[in-house]
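Here's the structure we're looking at; comments come further down.
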Amino acid sequence: MTGDGTRVVHAGLPTPVPGRPFLPGPVFAAPYHLDPVEGAGEDGYGRPDNPTRRALEAAIGELEGGAVRAFASGQAAITALLLSVLRPGDTVMLPADGYFTVRAFAEGTLRELGVGTVLAPTSGPYPSFEGVRLVLLETPANPGLDVCDVRAVAADAHAAGALVAVDNTTATPLGQRPLDLGADLVVASGTKALTGHSDLLLGYLATRDDELLHRATTWRAQTGGIPGAFDCWLAHRSLATLDLRLARQSANAAAVAGLLAGRDDVTGLRWPGLETDPSYARARAQMRRIPGIVSFDLGDAERVARFLTASALVFAATSFGGLHTTADRRAQWGDDTAPGFVRLSCGIEDAADLLADLTAALDEA
Ligand SMILES: *Cc1c(COP(=O)(O)O)cnc(C)c1O
């Protein structure tokens with residue numbers, strides 16, 4: 001099975017058994033019955049063991065091409081990576097333009113633990129990897145949508161003895177498989193396009209390295225940041241439509257980027273699928289799909305507010321990758337983007353309706 005649609009529909013499903021559902025319902029358990037004589041079998045206690053979670057991990061693992069551990073959120077997965085790998089005196093390299101909570105964590109907790117941070121712009125140039133223990137890449141970077149050449153950076157970082165992890169949130173494993181590109185680890189938020197219904201938080205870590213997997217598994221069992229069984233089940237159910245959702249979101253983003261490119265009241269337009277975009281060549285070489293996220297600048301906060309008020313289809317909301325088109329003025333969250341910077345996440349509505357709505361809202365704003 002090589003087609004994406006087929007892979008996501010079948011990912012992680014058990015062997016068919018007459019009378020059983022395709023995707024078994026969530027197993028809700030804190031403790032499980034133990035064999036009074038033998039003690040624990042596969043499932044003894046819900047923090048380390050849950051079959052609904054294992055099925056989801058198998059599904060994402062098939063898509064990423066590695067073993068997966070699911071976490072309660074993307075941040076839980078990323079901090080599990082950082083804290084299970086880094087030790088006092090180590091240095092981590094983080095994207096200067098990536099998810100801002102990761103930088104905040106590095107500047108606070110990691111610094112207090114004696115872990116140094118070096119920031120590198122996603123599009124490069126990268127500083128020396130000498131003395132760096134872990135390089136965390138984020139490509140395309142959220143929210144600026146720059147892309148880095150994972151293969152090239154991983155080769156240089158490995159030559160200097162560093163581990164390489166890629167935050168695959170924006171691309172999803174259908175957009176790119178960082179483990180195939182030479183990364184040692186993938187971390188991601190499943191809250192966004194991977195599950196896409198804006199109804200749950202989820203994170204995961206993927207790797208082909210047994211030692212790193214063991215560290216992450218032990219970290220999770222001992223710190224407890226697991227997702228609940230119902231969220232795992234919802235996530236697994238949502239995975240089946242990933243191919244369809246991404247296809248529509250990407251097509252809508254192409255249409256929206258085309259519209260915005262033709263307007264002189266919109267500046268700083270970014271979409272890696274546009275031939276004129278600085279990320280275009282790298283994205284084309286490395287990615288199998290371009291995400292449904294477009295970013296641009298409307299000048300100031302008031303104009304963004306007028307645009308969002310005038311639009312009937314674009315919900316003002318943070319996060320991205322969901323079924324509904326949403327837009328977020330990132331500066332309101334205290335990250336370092338310009339006051340009029342907007343990250344627009346295209347949903348699965350009809351392109352013609354979106355274009356008409358965006359045109360009217362921009363005219364009014
Ligand atoms: C949202 C996001 C995260 C954090 O994920 P949560 O599920 O909100 O904890 C991490 N990295 C990127 C790139 C994100 O977009």
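Identifiers in this document derive from the order of the structure tokens: chains are assigned A, B, ..., residues are numbered from 1 separately in each chain, and ligands are numbered from 1 in order of occurrence.
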Looking only at the backbone, which of the residues in region 84-278 of chain A does DSSP tag as strand (DSSP E or B), as an NGL selection string? :A and (91-95 or 116-120 or 134-138 or 163-167 or 185-189 or 203-207 or 267-270)
Pick out the residues no farther than 6 Å from ligand 1, counting only C-alpha atoms and all ligand atoms, and list them as a list in words.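 Residues lying within 6 Å of ligand 1: Ser73, Gly74, Gln75, Tyr99, Asn142, Thr169, Ala188, Ser189, Thr191, Leu201, Leu202 and Gly203 of chain A.
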Sorted by chain and rising residue number, list the residues of region 48-130 of chain A at most 10 Å from region 237-252 of chain A (counting only C-alpha atoms), each with its closest atom pair and distance in Å to one decimal, as CSV.
```
residue,atom,partner,partner_atom,distance
A:Leu56,CA,A:Leu239,CA,9.1
A:Ala59,CA,A:Leu239,CA,8.3
A:Ile60,CA,A:Leu239,CA,8.5
```
With DSSP run on the backbone, what are the helix (DSSP H, G or I) residues within region 187-313 of chain A? I'd like them as a ChimeraX atom specification. /A:210-223,229-239,242-261,280-286,301-310
Would you mind telling me which residue in A:Cys346, A:Leu323, A:Leu136, A:Ala312 lies nearest to Leu362 (chain A) when using only C-alpha atoms?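 Answer, going by the shortest atom-to-atom distance: A:Ala312.
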Would you pick out the contacts of region 175-184 of chain A at 10 Å or less, using only C-alpha atoms, so that residues sharing its chain but fewer than 6 positions from it are not included, and give the list as an MDAnalysis selection string? chainID A and resid 63:66 134:137 139 149:155 157:158 162:169 206:209 212 243 246 283 286:291
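Taking only C-alpha atoms into account, Asp156 (chain A) lies nearest to A:Glu130 out of the set A:Glu130, A:Asp264, A:Glu138, A:Glu57.
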From CA of Ala305 (chain A) to CA of Glu364 (chain A) the spacing works out at 11.1 Å
Selection near Ala104 (chain A), 12 Å with only C-alpha atoms, sequence-local residues under 6 positions removed, as a PDB file with C-alpha atoms, in the first residue's frame:
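Now in out07.pdb:
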```pdb
ATOM      1  CA  GLN A  75       4.880  20.764  24.120  1.00  0.00           C
ATOM      2  CA  THR A  79      10.023  19.017  26.447  1.00  0.00           C
ATOM      3  CA  LEU A  94      16.928  25.865  18.315  1.00  0.00           C
ATOM      4  CA  PRO A  95      15.236  27.666  15.422  1.00  0.00           C
ATOM      5  CA  ALA A  96      15.248  31.435  15.976  1.00  0.00           C
ATOM      6  CA  GLY A  98      10.193  28.498  15.333  1.00  0.00           C
ATOM      7  CA  LEU A 110      16.868  24.849  30.332  1.00  0.00           C
ATOM      8  CA  ARG A 111      19.082  27.801  31.211  1.00  0.00           C
ATOM      9  CA  THR A 117      20.967  27.567  23.759  1.00  0.00           C
ATOM     10  CA  LEU A 119      19.533  30.116  17.969  1.00  0.00           C
ATOM     11  CA  GLY A 334       3.693  38.089  22.718  1.00  0.00           C
ATOM     12  CA  ASP A 335       5.858  36.391  20.099  1.00  0.00           C
ATOM     13  CA  ASP A 336       8.198  38.605  18.105  1.00  0.00           C
TER      14      ASP A 336
END
```
